[in-house]
Structure formats: C-alpha cells, structure tokens
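Printed here is run38.cif (mmCIF, N, CA and C atoms):
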```cif
data_data
loop_
_atom_site.label_atom_id
_atom_site.label_comp_id
_atom_site.auth_asym_id
_atom_site.auth_seq_id
_atom_site.Cartn_x
_atom_site.Cartn_y
_atom_site.Cartn_z
N MET Y 1 28.19 -42.42 11.48
CA MET Y 1 26.86 -42.86 11.87
C MET Y 1 25.95 -43.01 10.64
N LYS Y 2 26.01 -42.00 9.74
CA LYS Y 2 25.18 -42.05 8.53
C LYS Y 2 25.54 -43.26 7.67
N LYS Y 3 26.84 -43.51 7.52
CA LYS Y 3 27.29 -44.63 6.70
C LYS Y 3 26.81 -45.96 7.28
N THR Y 4 26.82 -46.06 8.60
CA THR Y 4 26.37 -47.28 9.26
C THR Y 4 24.88 -47.50 9.01
N MET Y 5 24.08 -46.46 9.09
CA MET Y 5 22.64 -46.57 8.85
C MET Y 5 22.36 -46.96 7.40
N VAL Y 6 23.07 -46.34 6.48
CA VAL Y 6 22.89 -46.66 5.06
C VAL Y 6 23.24 -48.13 4.82
N PHE Y 7 24.32 -48.59 5.42
CA PHE Y 7 24.73 -49.99 5.26
C PHE Y 7 23.66 -50.93 5.80
N ILE Y 8 23.16 -50.65 6.98
CA ILE Y 8 22.14 -51.51 7.61
C ILE Y 8 20.88 -51.54 6.76
N LEU Y 9 20.45 -50.38 6.29
CA LEU Y 9 19.25 -50.32 5.44
C LEU Y 9 19.46 -51.07 4.14
N SER Y 10 20.62 -50.95 3.54
CA SER Y 10 20.89 -51.65 2.28
C SER Y 10 20.89 -53.16 2.49
N MET Y 11 21.39 -53.62 3.64
CA MET Y 11 21.38 -55.06 3.92
C MET Y 11 19.95 -55.57 4.10
N LEU Y 12 19.09 -54.76 4.69
CA LEU Y 12 17.69 -55.16 4.83
C LEU Y 12 17.01 -55.28 3.48
N VAL Y 13 17.30 -54.37 2.57
CA VAL Y 13 16.73 -54.41 1.23
C VAL Y 13 17.22 -55.65 0.50
N VAL Y 14 18.51 -55.96 0.60
CA VAL Y 14 19.06 -57.15 -0.05
C VAL Y 14 18.39 -58.40 0.49
N GLU Y 15 18.20 -58.47 1.80
CA GLU Y 15 17.55 -59.62 2.41
C GLU Y 15 16.14 -59.80 1.87
N ALA Y 16 15.40 -58.71 1.70
CA ALA Y 16 14.03 -58.78 1.20
C ALA Y 16 14.01 -59.25 -0.25
N VAL Y 17 14.97 -58.82 -1.04
CA VAL Y 17 15.02 -59.17 -2.45
C VAL Y 17 15.39 -60.64 -2.65
N CYS Y 18 16.19 -61.18 -1.75
CA CYS Y 18 16.71 -62.54 -1.90
C CYS Y 18 15.79 -63.62 -1.35
N GLY Y 19 14.57 -63.29 -0.94
CA GLY Y 19 13.67 -64.26 -0.34
C GLY Y 19 13.15 -65.25 -1.35
N GLU Y 20 12.61 -66.36 -0.84
CA GLU Y 20 12.02 -67.38 -1.70
C GLU Y 20 10.58 -67.04 -2.02
N ILE Y 21 10.09 -67.64 -3.08
CA ILE Y 21 8.69 -67.50 -3.47
C ILE Y 21 8.09 -68.90 -3.49
N TYR Y 22 6.94 -69.05 -2.88
CA TYR Y 22 6.27 -70.34 -2.81
C TYR Y 22 4.92 -70.28 -3.51
N LYS Y 23 4.51 -71.44 -4.02
CA LYS Y 23 3.23 -71.56 -4.73
C LYS Y 23 2.47 -72.73 -4.11
N TRP Y 24 1.17 -72.54 -3.87
CA TRP Y 24 0.36 -73.63 -3.35
C TRP Y 24 -1.09 -73.42 -3.79
N VAL Y 25 -1.85 -74.49 -3.73
CA VAL Y 25 -3.28 -74.46 -4.07
C VAL Y 25 -4.05 -74.66 -2.77
N ASP Y 26 -4.99 -73.73 -2.51
CA ASP Y 26 -5.76 -73.84 -1.27
C ASP Y 26 -6.94 -74.80 -1.46
N ASP Y 27 -7.72 -74.97 -0.41
CA ASP Y 27 -8.85 -75.92 -0.43
C ASP Y 27 -9.89 -75.61 -1.49
N SER Y 28 -10.03 -74.33 -1.86
CA SER Y 28 -11.02 -73.96 -2.87
C SER Y 28 -10.48 -74.07 -4.29
N GLY Y 29 -9.22 -74.51 -4.43
CA GLY Y 29 -8.62 -74.68 -5.75
C GLY Y 29 -7.92 -73.44 -6.27
N LYS Y 30 -7.83 -72.41 -5.44
CA LYS Y 30 -7.19 -71.16 -5.85
C LYS Y 30 -5.68 -71.28 -5.70
N VAL Y 31 -4.93 -70.85 -6.75
CA VAL Y 31 -3.47 -70.87 -6.72
C VAL Y 31 -2.99 -69.62 -6.00
N ASN Y 32 -2.10 -69.83 -5.03
CA ASN Y 32 -1.57 -68.73 -4.22
C ASN Y 32 -0.05 -68.66 -4.35
N PHE Y 33 0.48 -67.47 -4.20
CA PHE Y 33 1.92 -67.25 -4.17
C PHE Y 33 2.23 -66.46 -2.91
N GLY Y 34 3.38 -66.73 -2.31
CA GLY Y 34 3.76 -65.99 -1.12
C GLY Y 34 5.23 -66.16 -0.81
N ASP Y 35 5.71 -65.41 0.17
CA ASP Y 35 7.12 -65.48 0.54
C ASP Y 35 7.37 -66.46 1.69
N HIS Y 36 6.33 -67.21 2.06
CA HIS Y 36 6.48 -68.24 3.08
C HIS Y 36 5.59 -69.43 2.69
N LYS Y 37 5.93 -70.59 3.21
CA LYS Y 37 5.14 -71.79 2.90
C LYS Y 37 3.78 -71.70 3.58
N ALA Y 38 2.79 -72.24 2.93
CA ALA Y 38 1.45 -72.27 3.51
C ALA Y 38 1.46 -73.18 4.74
N GLU Y 39 0.69 -72.84 5.73
CA GLU Y 39 0.65 -73.67 6.94
C GLU Y 39 0.01 -75.02 6.65
N GLU Y 40 -0.98 -75.02 5.79
CA GLU Y 40 -1.64 -76.27 5.44
C GLU Y 40 -1.32 -76.62 4.00
N GLY Y 41 -1.30 -77.88 3.69
CA GLY Y 41 -1.10 -78.32 2.32
C GLY Y 41 0.36 -78.30 1.91
N LYS Y 42 0.55 -78.59 0.68
CA LYS Y 42 1.90 -78.71 0.15
C LYS Y 42 2.23 -77.47 -0.70
N ALA Y 43 3.35 -76.84 -0.41
CA ALA Y 43 3.80 -75.67 -1.18
C ALA Y 43 5.09 -76.03 -1.89
N GLU Y 44 5.25 -75.52 -3.09
CA GLU Y 44 6.49 -75.75 -3.83
C GLU Y 44 7.20 -74.43 -4.04
N GLU Y 45 8.53 -74.48 -4.00
CA GLU Y 45 9.31 -73.27 -4.20
C GLU Y 45 9.34 -72.94 -5.69
N VAL Y 46 9.14 -71.67 -6.03
CA VAL Y 46 9.13 -71.21 -7.42
C VAL Y 46 10.49 -70.62 -7.74
N THR Y 47 11.06 -71.07 -8.84
CA THR Y 47 12.32 -70.51 -9.30
C THR Y 47 12.01 -69.40 -10.29
N VAL Y 48 12.53 -68.22 -10.02
CA VAL Y 48 12.28 -67.07 -10.87
C VAL Y 48 13.46 -66.89 -11.80
N GLU Y 49 13.19 -66.81 -13.09
CA GLU Y 49 14.23 -66.58 -14.08
C GLU Y 49 14.21 -65.10 -14.46
N ILE Y 50 15.32 -64.44 -14.27
CA ILE Y 50 15.40 -63.01 -14.50
C ILE Y 50 16.03 -62.73 -15.86
N ASN Y 51 15.35 -61.94 -16.67
CA ASN Y 51 15.90 -61.51 -17.95
C ASN Y 51 16.71 -60.24 -17.74
N THR Y 52 17.83 -60.16 -18.43
CA THR Y 52 18.66 -58.97 -18.37
C THR Y 52 18.87 -58.44 -19.77
N TYR Y 53 19.45 -57.29 -19.87
CA TYR Y 53 19.69 -56.69 -21.18
C TYR Y 53 20.61 -57.56 -22.02
N THR Y 54 21.58 -58.21 -21.39
CA THR Y 54 22.54 -59.00 -22.15
C THR Y 54 22.10 -60.43 -22.38
N ASN Y 55 21.10 -60.88 -21.67
CA ASN Y 55 20.66 -62.25 -21.85
C ASN Y 55 19.15 -62.32 -21.67
N VAL Y 56 18.43 -62.15 -22.74
CA VAL Y 56 16.98 -62.16 -22.70
C VAL Y 56 16.50 -63.48 -23.28
N THR Y 57 15.68 -64.19 -22.55
CA THR Y 57 15.10 -65.41 -23.08
C THR Y 57 13.64 -65.13 -23.43
N TYR Y 58 13.13 -65.83 -24.41
CA TYR Y 58 11.77 -65.60 -24.87
C TYR Y 58 11.36 -66.74 -25.77
N ASP Y 59 10.11 -66.80 -26.10
CA ASP Y 59 9.58 -67.85 -26.96
C ASP Y 59 9.82 -67.47 -28.41
N ILE Y 60 10.67 -68.23 -29.11
CA ILE Y 60 10.97 -67.90 -30.50
C ILE Y 60 10.15 -68.73 -31.48
N SER Y 61 9.14 -69.44 -30.98
CA SER Y 61 8.37 -70.31 -31.86
C SER Y 61 7.62 -69.55 -32.94
N ILE Y 62 7.45 -68.22 -32.77
CA ILE Y 62 6.75 -67.45 -33.79
C ILE Y 62 7.64 -67.18 -35.00
N PHE Y 63 8.93 -67.47 -34.87
CA PHE Y 63 9.86 -67.25 -35.97
C PHE Y 63 10.24 -68.57 -36.61
N ASP Y 64 10.36 -68.58 -37.93
CA ASP Y 64 10.76 -69.78 -38.64
C ASP Y 64 12.17 -69.59 -39.16
N TYR Y 65 13.15 -70.17 -38.48
CA TYR Y 65 14.54 -70.02 -38.89
C TYR Y 65 15.06 -71.25 -39.61
N GLY Y 66 14.23 -72.21 -39.86
CA GLY Y 66 14.71 -73.42 -40.50
C GLY Y 66 15.67 -74.15 -39.57
N HIS Y 67 16.80 -74.58 -40.12
CA HIS Y 67 17.77 -75.34 -39.33
C HIS Y 67 18.94 -74.48 -38.88
N GLN Y 68 18.86 -73.18 -39.07
CA GLN Y 68 19.96 -72.30 -38.66
C GLN Y 68 20.01 -72.18 -37.15
N LYS Y 69 21.20 -72.35 -36.59
CA LYS Y 69 21.36 -72.21 -35.14
C LYS Y 69 21.60 -70.76 -34.76
N VAL Y 70 22.31 -69.99 -35.60
CA VAL Y 70 22.64 -68.60 -35.29
C VAL Y 70 21.92 -67.69 -36.29
N VAL Y 71 21.18 -66.74 -35.76
CA VAL Y 71 20.45 -65.77 -36.58
C VAL Y 71 20.85 -64.38 -36.10
N MET Y 72 21.12 -63.49 -37.06
CA MET Y 72 21.51 -62.13 -36.69
C MET Y 72 20.67 -61.11 -37.44
N TYR Y 73 20.09 -60.18 -36.69
CA TYR Y 73 19.40 -59.03 -37.27
C TYR Y 73 20.39 -57.89 -37.26
N SER Y 74 20.57 -57.27 -38.43
CA SER Y 74 21.65 -56.29 -38.58
C SER Y 74 21.26 -55.19 -39.55
N THR Y 75 22.23 -54.28 -39.77
CA THR Y 75 22.16 -53.30 -40.85
C THR Y 75 23.52 -53.30 -41.54
N GLU Y 76 23.55 -52.76 -42.72
CA GLU Y 76 24.79 -52.74 -43.51
C GLU Y 76 25.87 -51.87 -42.87
N TRP Y 77 25.48 -50.79 -42.22
CA TRP Y 77 26.44 -49.81 -41.70
C TRP Y 77 26.92 -50.09 -40.28
N CYS Y 78 26.37 -51.07 -39.60
CA CYS Y 78 26.67 -51.34 -38.19
C CYS Y 78 28.05 -52.00 -38.01
N SER Y 79 28.92 -51.33 -37.26
CA SER Y 79 30.28 -51.87 -37.06
C SER Y 79 30.27 -53.14 -36.21
N TYR Y 80 29.38 -53.23 -35.22
CA TYR Y 80 29.32 -54.45 -34.41
C TYR Y 80 28.77 -55.62 -35.22
N CYS Y 81 27.88 -55.33 -36.16
CA CYS Y 81 27.39 -56.38 -37.06
C CYS Y 81 28.53 -56.92 -37.91
N LYS Y 82 29.37 -56.03 -38.40
CA LYS Y 82 30.52 -56.44 -39.20
C LYS Y 82 31.49 -57.27 -38.38
N LYS Y 83 31.73 -56.89 -37.13
CA LYS Y 83 32.60 -57.67 -36.24
C LYS Y 83 32.03 -59.07 -36.01
N ALA Y 84 30.72 -59.14 -35.80
CA ALA Y 84 30.07 -60.43 -35.58
C ALA Y 84 30.20 -61.31 -36.82
N LYS Y 85 29.93 -60.75 -38.00
CA LYS Y 85 30.04 -61.53 -39.24
C LYS Y 85 31.46 -62.04 -39.44
N LYS Y 86 32.45 -61.19 -39.18
CA LYS Y 86 33.85 -61.61 -39.32
C LYS Y 86 34.16 -62.74 -38.35
N TYR Y 87 33.71 -62.61 -37.13
CA TYR Y 87 33.93 -63.65 -36.13
C TYR Y 87 33.30 -64.97 -36.57
N PHE Y 88 32.05 -64.91 -37.04
CA PHE Y 88 31.36 -66.12 -37.49
C PHE Y 88 32.12 -66.78 -38.64
N LYS Y 89 32.55 -65.98 -39.61
CA LYS Y 89 33.27 -66.53 -40.77
C LYS Y 89 34.63 -67.09 -40.37
N ASP Y 90 35.37 -66.35 -39.53
CA ASP Y 90 36.69 -66.81 -39.09
C ASP Y 90 36.61 -68.11 -38.30
N ASN Y 91 35.50 -68.32 -37.60
CA ASN Y 91 35.33 -69.51 -36.77
C ASN Y 91 34.40 -70.55 -37.40
N GLU Y 92 34.10 -70.37 -38.67
CA GLU Y 92 33.29 -71.30 -39.45
C GLU Y 92 31.95 -71.61 -38.77
N ILE Y 93 31.32 -70.55 -38.27
CA ILE Y 93 30.00 -70.68 -37.65
C ILE Y 93 28.97 -70.27 -38.68
N SER Y 94 28.11 -71.21 -39.06
CA SER Y 94 27.09 -70.86 -40.05
C SER Y 94 26.02 -70.00 -39.38
N PHE Y 95 25.54 -69.03 -40.12
CA PHE Y 95 24.54 -68.11 -39.59
C PHE Y 95 23.70 -67.59 -40.73
N VAL Y 96 22.54 -67.06 -40.38
CA VAL Y 96 21.70 -66.39 -41.35
C VAL Y 96 21.55 -64.96 -40.86
N GLU Y 97 21.62 -64.03 -41.80
CA GLU Y 97 21.56 -62.62 -41.46
C GLU Y 97 20.34 -61.99 -42.10
N TYR Y 98 19.65 -61.17 -41.31
CA TYR Y 98 18.51 -60.41 -41.81
C TYR Y 98 18.80 -58.93 -41.63
N ASP Y 99 18.80 -58.20 -42.73
CA ASP Y 99 19.03 -56.75 -42.68
C ASP Y 99 17.68 -56.08 -42.45
N ILE Y 100 17.55 -55.41 -41.31
CA ILE Y 100 16.25 -54.82 -40.94
C ILE Y 100 15.92 -53.58 -41.74
N GLU Y 101 16.88 -53.04 -42.49
CA GLU Y 101 16.61 -51.88 -43.33
C GLU Y 101 16.28 -52.27 -44.77
N LYS Y 102 16.65 -53.48 -45.16
CA LYS Y 102 16.40 -53.93 -46.53
C LYS Y 102 15.22 -54.88 -46.66
N SER Y 103 14.78 -55.46 -45.55
CA SER Y 103 13.71 -56.45 -45.59
C SER Y 103 12.61 -56.06 -44.61
N SER Y 104 11.40 -55.86 -45.12
CA SER Y 104 10.29 -55.51 -44.24
C SER Y 104 9.92 -56.70 -43.35
N ARG Y 105 10.08 -57.90 -43.86
CA ARG Y 105 9.80 -59.10 -43.04
C ARG Y 105 10.78 -59.17 -41.87
N ALA Y 106 12.05 -58.89 -42.13
CA ALA Y 106 13.05 -58.89 -41.06
C ALA Y 106 12.72 -57.79 -40.05
N ARG Y 107 12.32 -56.63 -40.53
CA ARG Y 107 11.99 -55.52 -39.64
C ARG Y 107 10.79 -55.86 -38.77
N ASN Y 108 9.79 -56.54 -39.35
CA ASN Y 108 8.62 -56.95 -38.57
C ASN Y 108 9.00 -57.93 -37.45
N ARG Y 109 9.86 -58.91 -37.77
CA ARG Y 109 10.32 -59.86 -36.76
C ARG Y 109 11.10 -59.14 -35.66
N TYR Y 110 11.97 -58.24 -36.07
CA TYR Y 110 12.78 -57.44 -35.15
C TYR Y 110 11.86 -56.64 -34.22
N ASP Y 111 10.84 -56.01 -34.78
CA ASP Y 111 9.89 -55.24 -33.97
C ASP Y 111 9.11 -56.12 -33.01
N LYS Y 112 8.71 -57.34 -33.45
CA LYS Y 112 7.96 -58.25 -32.59
C LYS Y 112 8.77 -58.67 -31.38
N MET Y 113 10.10 -58.69 -31.52
CA MET Y 113 10.98 -59.04 -30.40
C MET Y 113 11.09 -57.89 -29.40
N GLY Y 114 10.66 -56.70 -29.80
CA GLY Y 114 10.83 -55.53 -28.94
C GLY Y 114 12.27 -55.04 -28.94
N ALA Y 115 13.01 -55.38 -29.98
CA ALA Y 115 14.42 -55.00 -30.05
C ALA Y 115 14.55 -53.51 -30.34
N THR Y 116 15.63 -52.91 -29.83
CA THR Y 116 15.86 -51.49 -30.05
C THR Y 116 17.26 -51.19 -30.56
N GLY Y 117 18.15 -52.14 -30.58
CA GLY Y 117 19.52 -51.91 -31.04
C GLY Y 117 19.93 -53.02 -31.99
N ILE Y 118 21.10 -52.85 -32.58
CA ILE Y 118 21.63 -53.87 -33.47
C ILE Y 118 23.08 -54.14 -33.12
N PRO Y 119 23.59 -55.30 -33.42
CA PRO Y 119 22.84 -56.46 -33.90
C PRO Y 119 22.06 -57.12 -32.78
N VAL Y 120 21.08 -57.91 -33.18
CA VAL Y 120 20.41 -58.82 -32.28
C VAL Y 120 20.77 -60.21 -32.79
N ILE Y 121 21.41 -60.98 -31.94
CA ILE Y 121 21.87 -62.31 -32.32
C ILE Y 121 21.09 -63.34 -31.52
N ILE Y 122 20.53 -64.31 -32.23
CA ILE Y 122 19.74 -65.35 -31.60
C ILE Y 122 20.44 -66.68 -31.81
N VAL Y 123 20.62 -67.40 -30.72
CA VAL Y 123 21.20 -68.74 -30.76
C VAL Y 123 20.20 -69.66 -30.07
N GLY Y 124 19.50 -70.45 -30.87
CA GLY Y 124 18.46 -71.31 -30.30
C GLY Y 124 17.39 -70.45 -29.65
N LYS Y 125 17.24 -70.57 -28.33
CA LYS Y 125 16.25 -69.78 -27.60
C LYS Y 125 16.89 -68.66 -26.80
N LYS Y 126 18.15 -68.38 -27.06
CA LYS Y 126 18.84 -67.31 -26.34
C LYS Y 126 19.08 -66.13 -27.27
N ARG Y 127 19.05 -64.95 -26.70
CA ARG Y 127 19.20 -63.73 -27.47
C ARG Y 127 20.30 -62.87 -26.90
N MET Y 128 21.07 -62.28 -27.79
CA MET Y 128 22.15 -61.38 -27.39
C MET Y 128 21.95 -60.05 -28.10
N ASN Y 129 21.98 -58.96 -27.35
CA ASN Y 129 21.89 -57.62 -27.94
C ASN Y 129 23.30 -57.08 -28.05
N GLY Y 130 23.69 -56.63 -29.25
CA GLY Y 130 25.07 -56.19 -29.46
C GLY Y 130 25.94 -57.39 -29.75
N PHE Y 131 27.26 -57.17 -29.76
CA PHE Y 131 28.16 -58.30 -29.99
C PHE Y 131 29.47 -58.10 -29.26
N ASN Y 132 29.88 -59.14 -28.56
CA ASN Y 132 31.24 -59.28 -28.08
C ASN Y 132 31.52 -60.78 -28.01
N VAL Y 133 32.77 -61.14 -28.22
CA VAL Y 133 33.13 -62.55 -28.34
C VAL Y 133 32.77 -63.32 -27.07
N LYS Y 134 33.13 -62.78 -25.92
CA LYS Y 134 32.88 -63.47 -24.66
C LYS Y 134 31.39 -63.74 -24.45
N GLY Y 135 30.57 -62.73 -24.71
CA GLY Y 135 29.13 -62.88 -24.56
C GLY Y 135 28.56 -63.89 -25.54
N PHE Y 136 29.04 -63.86 -26.77
CA PHE Y 136 28.55 -64.80 -27.78
C PHE Y 136 28.91 -66.23 -27.40
N GLU Y 137 30.14 -66.43 -26.96
CA GLU Y 137 30.57 -67.77 -26.60
C GLU Y 137 29.77 -68.35 -25.44
N LYS Y 138 29.25 -67.48 -24.57
CA LYS Y 138 28.42 -67.95 -23.45
C LYS Y 138 27.10 -68.53 -23.96
N ILE Y 139 26.53 -67.93 -25.01
CA ILE Y 139 25.23 -68.42 -25.49
C ILE Y 139 25.34 -69.43 -26.62
N TYR Y 140 26.53 -69.55 -27.23
CA TYR Y 140 26.71 -70.47 -28.35
C TYR Y 140 27.26 -71.78 -27.84
N GLN Y 141 26.45 -72.81 -27.88
CA GLN Y 141 26.91 -74.13 -27.39
C GLN Y 141 26.45 -75.22 -28.29
#
```
Translate this file's structure into structure tokens.
Amino acid sequence: MKKTMVFILSMLVVEAVCGEIYKWVDDSGKVNFGDHKAEEGKAEEVTVEINTYTNVTYDISIFDYGHQKVVMYSTEWCSYCKKAKKYFKDNEISFVEYDIEKSSRARNRYDKMGATGIPVIIVGKKRMNGFNVKGFEKIYQ
C-alpha cells in the first residue's frame, strides 16, 4: 500500500514538473507567464533551457578568445587537464590553455564564470566542467 501511494505521488510531481509555460501580454501591456494559455489574446509557449553541471551555457561575450574554438582553464598538476591536452594533441585539435594558478587574468576569467573545478573547457558558447572524451565530443562540432 505504501509503495503504491509513493508511486502515485511521484507521478503527480512528474506531471507538475513537465507542464508547459506560456507567455502573453495583457490589455495593459503587462507581460504575464502561466501554466495555461490566456483566455483572451494570443499566448506563446516558452521553451525553457535547463543548465546542468555537465552542460552549462552562458554568454561568453565578456571573454576575448580570438579565433580559438577550444579554450581550457587548467592547472599544471591536474590529471584531467593532462588527459584533455593529450586528447587534443592526439586528435590535432587546436586549443588555448590558461593556467589559473600562473595567470591572474586567467583566474579572474575563471572566477567570473563561477567555476569551481578544473579543467573548464569552452567550445564556442558551450562549457564543459572536467574532461571525458564522450562529453567533449558532444560539445565539439
């Protein structure tokens, strides 16, 4: 009986989380958001983009990377940084590396991103925390 109740409650929570979000402007010009379409006027469905730990998107326009497609924030002692560098070199992927312990400018950029671990790899407007081949290949196109 308990398991059945837990299952039913969990399904209700999932249903609530999976609902749509709508946006519309009322007669007074006020922008409204809700989980149902407005009775009057035209409402548009809003697509919500969710950031996760492994795939965080953000505005990188505050950083000047020149023409480099792959940027990595690292330290000299980080084993995952070394794996990433080896992978980039073995696959002839050009990249620029910033050591956050040797460069105050790199550390400032790293801090502005709100980063807490290393490496932080940026490909265009996509960011990867840590390194694994499968994850990198998903963001590198």
Which distance in Å separates atom CA of Y:Trp24 and atom CA of Y:Glu44, to one decimal?
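Between atom CA of Y:Trp24 and atom CA of Y:Glu44 the gap is 6.5 Å.
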For Y:Tyr80, the nearest of the candidates Y:Phe131, Y:Phe136, Y:Phe33, Y:Tyr98, counting all atoms listed in the file:
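Among the listed residues, Y:Phe131 lies closest to Y:Tyr80.
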One number please: atom N of Y:Val96 to atom CA of Y:Ile118, in Å, one decimal.
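Atom CA of Y:Ile118 lies 14.9 Å from atom N of Y:Val96.
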Find the axis-aligned box for stretch 101-118 of chain Y, covering all its listed atoms and adding 3 Å on each side, and write its centre and edge lengths in Å to one decimal as AutoDock Vina command-line options.
```
--center_x 15.5 --center_y -55.5 --center_z -37.8 --size_x 21.1 --size_y 14.7 --size_z 23.7
```
Kindly resolve the PyMOL selection byres (((chain Y and resi 97 and name CA) around 8) and name CA) on the present coordinates and return the residues as number ranges by chain.
Y: 71-74, 95-96, 98-99
Counting only C-alpha atoms, the option among Y:Glu92, Y:Met128, Y:Asp26, Y:Thr75 closest to Y:Ala106:
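Looking at the shortest contact to Y:Ala106, the residue is Y:Thr75.
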Report the distance between atom N of Y:Lys89 and atom C of Y:Arg109 in Å, rounded to one decimal place.
22.9 Å
Fewer than 5 positions away in the same chain doesn't count, so skip those; otherwise give me all residues within 12 Å of Y:Asn91, counting only C-alpha atoms, as a list in words.
Ala84, Lys85, Lys86, Val133 and Glu137 of chain Y
Can you spell out as an mmCIF file with N, CA and C atoms, in the coordinates of the input the set of residues that the PyMOL selection byres (((chain Y and resi 129 and name CA) around 12) and name CA) selects in the structure I just provided?
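Contents of part-v3.cif, freshly written:
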```
data_model
loop_
_atom_site.group_PDB
_atom_site.id
_atom_site.type_symbol
_atom_site.label_atom_id
_atom_site.label_comp_id
_atom_site.auth_asym_id
_atom_site.auth_seq_id
_atom_site.Cartn_x
_atom_site.Cartn_y
_atom_site.Cartn_z
ATOM 1 N N THR Y 52 17.830 -60.160 -18.430
ATOM 2 C CA THR Y 52 18.660 -58.970 -18.370
ATOM 3 C C THR Y 52 18.870 -58.440 -19.770
ATOM 4 N N TYR Y 53 19.450 -57.290 -19.870
ATOM 5 C CA TYR Y 53 19.690 -56.690 -21.180
ATOM 6 C C TYR Y 53 20.610 -57.560 -22.020
ATOM 7 N N THR Y 54 21.580 -58.210 -21.390
ATOM 8 C CA THR Y 54 22.540 -59.000 -22.150
ATOM 9 C C THR Y 54 22.100 -60.430 -22.380
ATOM 10 N N ASN Y 55 21.100 -60.880 -21.670
ATOM 11 C CA ASN Y 55 20.660 -62.250 -21.850
ATOM 12 C C ASN Y 55 19.150 -62.320 -21.670
ATOM 13 N N VAL Y 56 18.430 -62.150 -22.740
ATOM 14 C CA VAL Y 56 16.980 -62.160 -22.700
ATOM 15 C C VAL Y 56 16.500 -63.480 -23.280
ATOM 16 N N THR Y 57 15.680 -64.190 -22.550
ATOM 17 C CA THR Y 57 15.100 -65.410 -23.080
ATOM 18 C C THR Y 57 13.640 -65.130 -23.430
ATOM 19 N N VAL Y 71 21.180 -66.740 -35.760
ATOM 20 C CA VAL Y 71 20.450 -65.770 -36.580
ATOM 21 C C VAL Y 71 20.850 -64.380 -36.100
ATOM 22 N N MET Y 72 21.120 -63.490 -37.060
ATOM 23 C CA MET Y 72 21.510 -62.130 -36.690
ATOM 24 C C MET Y 72 20.670 -61.110 -37.440
ATOM 25 N N TYR Y 73 20.090 -60.180 -36.690
ATOM 26 C CA TYR Y 73 19.400 -59.030 -37.270
ATOM 27 C C TYR Y 73 20.390 -57.890 -37.260
ATOM 28 N N SER Y 74 20.570 -57.270 -38.430
ATOM 29 C CA SER Y 74 21.650 -56.290 -38.580
ATOM 30 C C SER Y 74 21.260 -55.190 -39.550
ATOM 31 N N TYR Y 80 29.380 -53.230 -35.220
ATOM 32 C CA TYR Y 80 29.320 -54.450 -34.410
ATOM 33 C C TYR Y 80 28.770 -55.620 -35.220
ATOM 34 N N CYS Y 81 27.880 -55.330 -36.160
ATOM 35 C CA CYS Y 81 27.390 -56.380 -37.060
ATOM 36 C C CYS Y 81 28.530 -56.920 -37.910
ATOM 37 N N ALA Y 84 30.720 -59.140 -35.800
ATOM 38 C CA ALA Y 84 30.070 -60.430 -35.580
ATOM 39 C C ALA Y 84 30.200 -61.310 -36.820
ATOM 40 N N TYR Y 110 11.970 -58.240 -36.070
ATOM 41 C CA TYR Y 110 12.780 -57.440 -35.150
ATOM 42 C C TYR Y 110 11.860 -56.640 -34.220
ATOM 43 N N MET Y 113 10.100 -58.690 -31.520
ATOM 44 C CA MET Y 113 10.980 -59.040 -30.400
ATOM 45 C C MET Y 113 11.090 -57.890 -29.400
ATOM 46 N N GLY Y 114 10.660 -56.700 -29.800
ATOM 47 C CA GLY Y 114 10.830 -55.530 -28.940
ATOM 48 C C GLY Y 114 12.270 -55.040 -28.940
ATOM 49 N N ALA Y 115 13.010 -55.380 -29.980
ATOM 50 C CA ALA Y 115 14.420 -55.000 -30.050
ATOM 51 C C ALA Y 115 14.550 -53.510 -30.340
ATOM 52 N N THR Y 116 15.630 -52.910 -29.830
ATOM 53 C CA THR Y 116 15.860 -51.490 -30.050
ATOM 54 C C THR Y 116 17.260 -51.190 -30.560
ATOM 55 N N GLY Y 117 18.150 -52.140 -30.580
ATOM 56 C CA GLY Y 117 19.520 -51.910 -31.040
ATOM 57 C C GLY Y 117 19.930 -53.020 -31.990
ATOM 58 N N ILE Y 118 21.100 -52.850 -32.580
ATOM 59 C CA ILE Y 118 21.630 -53.870 -33.470
ATOM 60 C C ILE Y 118 23.080 -54.140 -33.120
ATOM 61 N N PRO Y 119 23.590 -55.300 -33.420
ATOM 62 C CA PRO Y 119 22.840 -56.460 -33.900
ATOM 63 C C PRO Y 119 22.060 -57.120 -32.780
ATOM 64 N N VAL Y 120 21.080 -57.910 -33.180
ATOM 65 C CA VAL Y 120 20.410 -58.820 -32.280
ATOM 66 C C VAL Y 120 20.770 -60.210 -32.790
ATOM 67 N N ILE Y 121 21.410 -60.980 -31.940
ATOM 68 C CA ILE Y 121 21.870 -62.310 -32.320
ATOM 69 C C ILE Y 121 21.090 -63.340 -31.520
ATOM 70 N N ILE Y 122 20.530 -64.310 -32.230
ATOM 71 C CA ILE Y 122 19.740 -65.350 -31.600
ATOM 72 C C ILE Y 122 20.440 -66.680 -31.810
ATOM 73 N N VAL Y 123 20.620 -67.400 -30.720
ATOM 74 C CA VAL Y 123 21.200 -68.740 -30.760
ATOM 75 C C VAL Y 123 20.200 -69.660 -30.070
ATOM 76 N N LYS Y 126 18.150 -68.380 -27.060
ATOM 77 C CA LYS Y 126 18.840 -67.310 -26.340
ATOM 78 C C LYS Y 126 19.080 -66.130 -27.270
ATOM 79 N N ARG Y 127 19.050 -64.950 -26.700
ATOM 80 C CA ARG Y 127 19.200 -63.730 -27.470
ATOM 81 C C ARG Y 127 20.300 -62.870 -26.900
ATOM 82 N N MET Y 128 21.070 -62.280 -27.790
ATOM 83 C CA MET Y 128 22.150 -61.380 -27.390
ATOM 84 C C MET Y 128 21.950 -60.050 -28.100
ATOM 85 N N GLY Y 130 23.690 -56.630 -29.250
ATOM 86 C CA GLY Y 130 25.070 -56.190 -29.460
ATOM 87 C C GLY Y 130 25.940 -57.390 -29.750
ATOM 88 N N PHE Y 131 27.260 -57.170 -29.760
ATOM 89 C CA PHE Y 131 28.160 -58.300 -29.990
ATOM 90 C C PHE Y 131 29.470 -58.100 -29.260
ATOM 91 N N ASN Y 132 29.880 -59.140 -28.560
ATOM 92 C CA ASN Y 132 31.240 -59.280 -28.080
ATOM 93 C C ASN Y 132 31.520 -60.780 -28.010
ATOM 94 N N GLY Y 135 30.570 -62.730 -24.710
ATOM 95 C CA GLY Y 135 29.130 -62.880 -24.560
ATOM 96 C C GLY Y 135 28.560 -63.890 -25.540
ATOM 97 N N PHE Y 136 29.040 -63.860 -26.770
ATOM 98 C CA PHE Y 136 28.550 -64.800 -27.780
ATOM 99 C C PHE Y 136 28.910 -66.230 -27.400
ATOM 100 N N ILE Y 139 26.530 -67.930 -25.010
ATOM 101 C CA ILE Y 139 25.230 -68.420 -25.490
ATOM 102 C C ILE Y 139 25.340 -69.430 -26.620
#
```
Which protein, DNA or RNA residues have an atom at most 9 Å from (6.5, -68.2, -1.0), counting only C-alpha atoms? List them as number ranges by chain.
Y: 19-24, 32-38, 43-46
